[in-house]
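**Q** Sharing a structure here in structure tokens format.
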Amino acid sequence: MTDNLTYIDVAVALPVYNTYTYAVPGSLLPFAAVGKRVLIPFKRRKVTGYILDINYKTDLKEIKLILDILDDEPLFPPAMIPFFIWIADYYIHPVGEVIKCALPGGLNIYDYITISISKKGKKALEKKIATTVEKEILNLLKEESFRLRDLGRKLKKETPMALLYSMKDRGWIISKRKLKGGRTRPLMERYVSLKTPCPPCERLSVQRKMIVDILKTESDISVKNLKTRVPSALRLIKPLEKTGHISIFQKRAYRDPFGDAIEADESLHLTPEQKTAVSKVADSLGKGYAAYLLAGVTGSGKTEVYMQLASKAIKKGCCVLVLIPEIALISQMERRFRARFGECVAVLHSGLSAGERYDQWLRIARKEVKIALGARSAVFSPFPDIGLIIVDEEHDTSYKQEGNLRYNARDLAVVRAKLNGAIALLGSATPSIESYYNVKAEKYTELNLKNRVEKRPLPEIKIVDLRKSRGKRGFRRFITPELYEGMNQALSHGEQVLLFLNRRGFASYPVCGICGEAVKCKNCDISLTLHRKSNAYKCHYCGFTMASASNCRSCDSNKIIQLGLGTEKVEAVVADLFPDAGIKRMDRDTTTRKGSIVKLLKDLKKGNIDILVGTQMVTKGHDFPNITLVGIICADLSLNFPDFRAGERTFQLLAQVAGRAGRGDIPGRVILQTYNPDHYSIIAARDQDFKSFYKTEIGFRKALNYPPFSRMIQLKISGKDKKMTGQHAQILGDLCRTVQVSNQYFLKTVQILGPIEASIPRIARRYRWQILLKSMGAKPLHKFIRKIMLKNNVYFNNRYIKVVVDVDPFFMM
Ligand SMILES: [Zn+2]
Ligand SMILES: [Zn+2]
């Protein structure tokens, strides 16, 4: 009989690198399709898998049957499978986990074990025949049964599994497997429609007749909607169904992530530069893969270029993917796209509920929309045929996902365009070094927007040397006379001011006034930041908090001096200096509530805010037409990071924040305060000239053999035990060197740096070490790391030490 079975290729949502063959029983065969999830037996568990191929040929014997098919319709099209496989390969990540990561959350079913006490177990307690540990376990279970994995936490120590198995064998405890998850179900709504033929309605009441009349013009309508037109509809529909006039049924409803109604708009008149950019890209639409870098100064109208190209792509019958770095920006971009394209836009980002994301996902998979817009995870939008992928603010570091599948959505956008024969369009006022290098290498075509729209001038930027303020006291240390004057002037004209400091909190460097110890986090090797509003010291890395009244941990003195500056302090000082001004702050602390960013932006637009103080959140592409002065409180914060991209990040941040000035009718000014007025990053930001920045920076990268001249993989090693973590790092380092010296190819191509302790040696109680692998190309690195991982999997899959393989790392500290 087994000969007649159909075999499928399944990616399992577990950390395994292979795919597996399963058989589909005849009863489930009609429902099997590529892109659907299946429930499968795997070792001793039941897990979720994804169908990658059907009618799979195999010589294997004893193939297991799948248990169930979990979806009515595919979650992704077959066209995406090569993309998933590419990602699994490149980022060295199990393909099932890649797919799990790509799909909207809340979909995965997994099973877990619960344990409980049996009658025999209770007797064992009474008879006092259990050992001390056994007694502890049984006593815990007497109170309640719980998940096996919670045992260690409840017991406050590790228990050997062998002990549990033996207790189970003696019949003292019972273990059960349970299924969890997969709870996101489509939202259904009640709808009504007219029955045909409809019985006569002369004798119906006025209200009932109204309902019938409405249904005569609309084929069907939701009961919710009907209620707004006939308030008593709720109690009338049942009787109308009984008399055979209407039918009531359930219909799939989409959870709407959009707020207010949006007025339609039309294409704007393009500047000659915009026109050239649009026509160049439009000409290549539908003619296979090509990549463009749109380098447009701040305020040059990149969004209008995106929208006109999207419209052209749709006319050619292709779908469009638009990536935007941050949720805050998505709501603005969403508005503009919705105003232009109406209902055919889907939005994907982490701000949506699991249910909303699931709905948006299905709308894309079903091709009910033409445009998908979202943050980095939107690169996985399940369009079967993409014509154009736009990556706005392509330099932005939030395209890099840290944790789990460590991918860069900007890079994946280009890969996906290549695999789909589509156009990739990367846009930025401050392109990344990598992308501009690709222009120079003729991999990307450069498009320029050198002028702002409506001939608005770029802001005039003045550098102020903070070293002159070093001896000053109080606010004068960071609000220089130039900045104070500028603010006074702008406010007196009724204009708005933006103050930028890339650090939140009140004081970032609290120090004991008696013994000089810094107030540090309990779990990390990093200073705590005082947050005055919440009366607490907070750790920005692990979330640890401590009462602001705490004494010094070394000498117990209560004389803590609050050094270091944060946005909260700037806000407080400015409120003292300008008591009549409306002041608001925009950083992670003030924007945690849903909708708070939109509210801040609205208040700014309405003129309710005179001075906005913010972190890098304010730098990202926002359009504030009445801001005429931008004050950069201290430009140097990111300059001294131990990271080869520190100069690039600083330039991008400063040029972007400066670009917020003068986007309306009044020209803008920027006052840039710095301790390094001669640094090339600062000077290039003043001149808003990324090409001059590139020229200097690329020289350094070449001299030091950093990307884009080399590729890197970072091994991030961390563990709770200091000694063990260090030793593990050494073992891995030795392993790397052994593999390297045994192979001429690796000796020539791969460079191994480390292991070294990370520059933040401890975060969230984990000790951190790093090994950096460098090579001229990605291929040798991939070969090398695979060779090491395959042979020595135990060092990568260790219970006590976590080893993460970060391909093209961003967060190097
Ligand atoms: Zn002290
Ligand atoms: Zn911490």
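Letters A, B, ... mark the chains of the structure tokens in the order given; residue numbers begin at 1 per chain; ligand numbers begin at 1, in order shown.
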Can you tell me which residues come within 9 Å of ligand 1 when counting only C-alpha atoms and all ligand atoms, ideally as a list in words?
**A**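 The residues within 9 Å of ligand 1, counting only C-alpha atoms and all ligand atoms, are Val511, Cys512, Gly513, Ile514, Cys515, Gly516, Glu517, Ala518, Val519, Asn551, Cys552, Arg553, Ser554, Cys555, Asp556, Ser557, Asn558, Lys559 and Ile560 of chain A.
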**Q** Could the residues in this selection be written to a file with C-alpha atoms, as an mmCIF file, in the first residue's frame?
**A**
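Written out: out_11.cif:
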data_model
loop_
_atom_site.group_PDB
_atom_site.id
_atom_site.type_symbol
_atom_site.label_atom_id
_atom_site.label_comp_id
_atom_site.auth_asym_id
_atom_site.auth_seq_id
_atom_site.Cartn_x
_atom_site.Cartn_y
_atom_site.Cartn_z
ATOM 1 C CA VAL A 511 29.001 58.629 40.112
ATOM 2 C CA CYS A 512 29.471 58.341 43.889
ATOM 3 C CA GLY A 513 30.679 61.667 45.269
ATOM 4 C CA ILE A 514 32.588 59.973 48.118
ATOM 5 C CA CYS A 515 34.367 56.919 46.668
ATOM 6 C CA GLY A 516 34.110 57.755 42.946
ATOM 7 C CA GLU A 517 32.477 54.465 41.925
ATOM 8 C CA ALA A 518 30.133 54.693 38.938
ATOM 9 C CA VAL A 519 26.580 53.508 39.580
ATOM 10 C CA ASN A 551 22.984 54.509 47.970
ATOM 11 C CA CYS A 552 26.422 53.781 46.516
ATOM 12 C CA ARG A 553 26.955 50.044 46.359
ATOM 13 C CA SER A 554 30.627 50.324 47.376
ATOM 14 C CA CYS A 555 30.570 52.738 50.327
ATOM 15 C CA ASP A 556 26.840 53.126 51.019
ATOM 16 C CA SER A 557 27.091 56.909 50.720
ATOM 17 C CA ASN A 558 23.986 58.749 49.471
ATOM 18 C CA LYS A 559 25.986 61.488 47.708
ATOM 19 C CA ILE A 560 25.555 60.473 44.094
#
**Q** Dump the neighbourhood of ligand 2 as JSON, numbers by chain: all residues within 9 Å, distances computed on only C-alpha atoms and all ligand atoms.
**A** {"A": [520, 521, 522, 523, 524, 525, 526, 527, 528, 538, 539, 540, 541, 542, 543, 544, 545, 762, 763, 764, 765]}
**Q** Name all residues at most 10 Å from Lys462 (chain A) (count only C-alpha atoms; drop same-chain ones fewer than 4 positions away) and give them as a count of residues only.
**A** 10
**Q** Fewer than 5 positions away in the same chain doesn't count, so skip those; otherwise give me all residues within 8 Å of Leu426 (chain A), counting only C-alpha atoms, as a PDB file with C-alpha atoms, in the first residue's frame.
**A**
ATOM      1  CA  ALA A 291      19.308  47.703  -8.741  1.00  0.00           C
ATOM      2  CA  TYR A 292      19.269  51.484  -8.271  1.00  0.00           C
ATOM      3  CA  LEU A 293      20.545  53.732  -5.541  1.00  0.00           C
ATOM      4  CA  LEU A 294      18.480  56.905  -5.254  1.00  0.00           C
ATOM      5  CA  ILE A 390      11.733  49.899  -2.592  1.00  0.00           C
ATOM      6  CA  VAL A 391      13.947  50.283   0.476  1.00  0.00           C
ATOM      7  CA  ASP A 392      13.558  53.743   1.973  1.00  0.00           C
ATOM      8  CA  GLU A 393      16.372  55.118   4.188  1.00  0.00           C
ATOM      9  CA  GLU A 394      18.441  52.143   3.102  1.00  0.00           C
TER      10      GLU A 394
END
**Q** Output as a list of chain:residue names all residues of region 9-96 of chain A that backbone DSSP marks as alpha helix (DSSP H).
**A** A:Ile81, A:Pro82, A:Phe83, A:Phe84, A:Ile85, A:Trp86, A:Ile87, A:Ala88, A:Asp89, A:Tyr90, A:Val95, A:Gly96
**Q** So which residues touch region 680-684 of chain A within 12 Å, counting only C-alpha atoms, skipping near sequence neighbours fewer than 5 positions away, as a ChimeraX atom specification?
**A** /A:430,461-465,632,634-640,645-656,658,671-675,689-697,700
**Q** Between A:Arg44, A:Arg366, A:Lys142, A:Arg208, which is the closest to Ala124 (chain A) once you count only C-alpha atoms?
**A** A:Lys142
**Q** Could you pull out the strand (DSSP E) residues of region 115-220 of chain A, going by DSSP on the backbone, and write them as a ChimeraX atom specification?
**A** /A:115-117,146-147,173-181,188-194,220
**Q** Between A:Val453, A:Ala375, A:Ile627, A:Ile66, which is the closest to Ile324 (chain A) once you count only C-alpha atoms?
**A**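 Using only C-alpha atoms, Ile324 (chain A) sits closest to A:Ala375.
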**Q** Given only C-alpha atoms as the basis, pick out the residue of A:Leu29, A:Leu309, A:Ile330, A:Leu323 nearest to Lys275 (chain A).
**A**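 Closest to Lys275 (chain A) of all the choices is A:Leu309.
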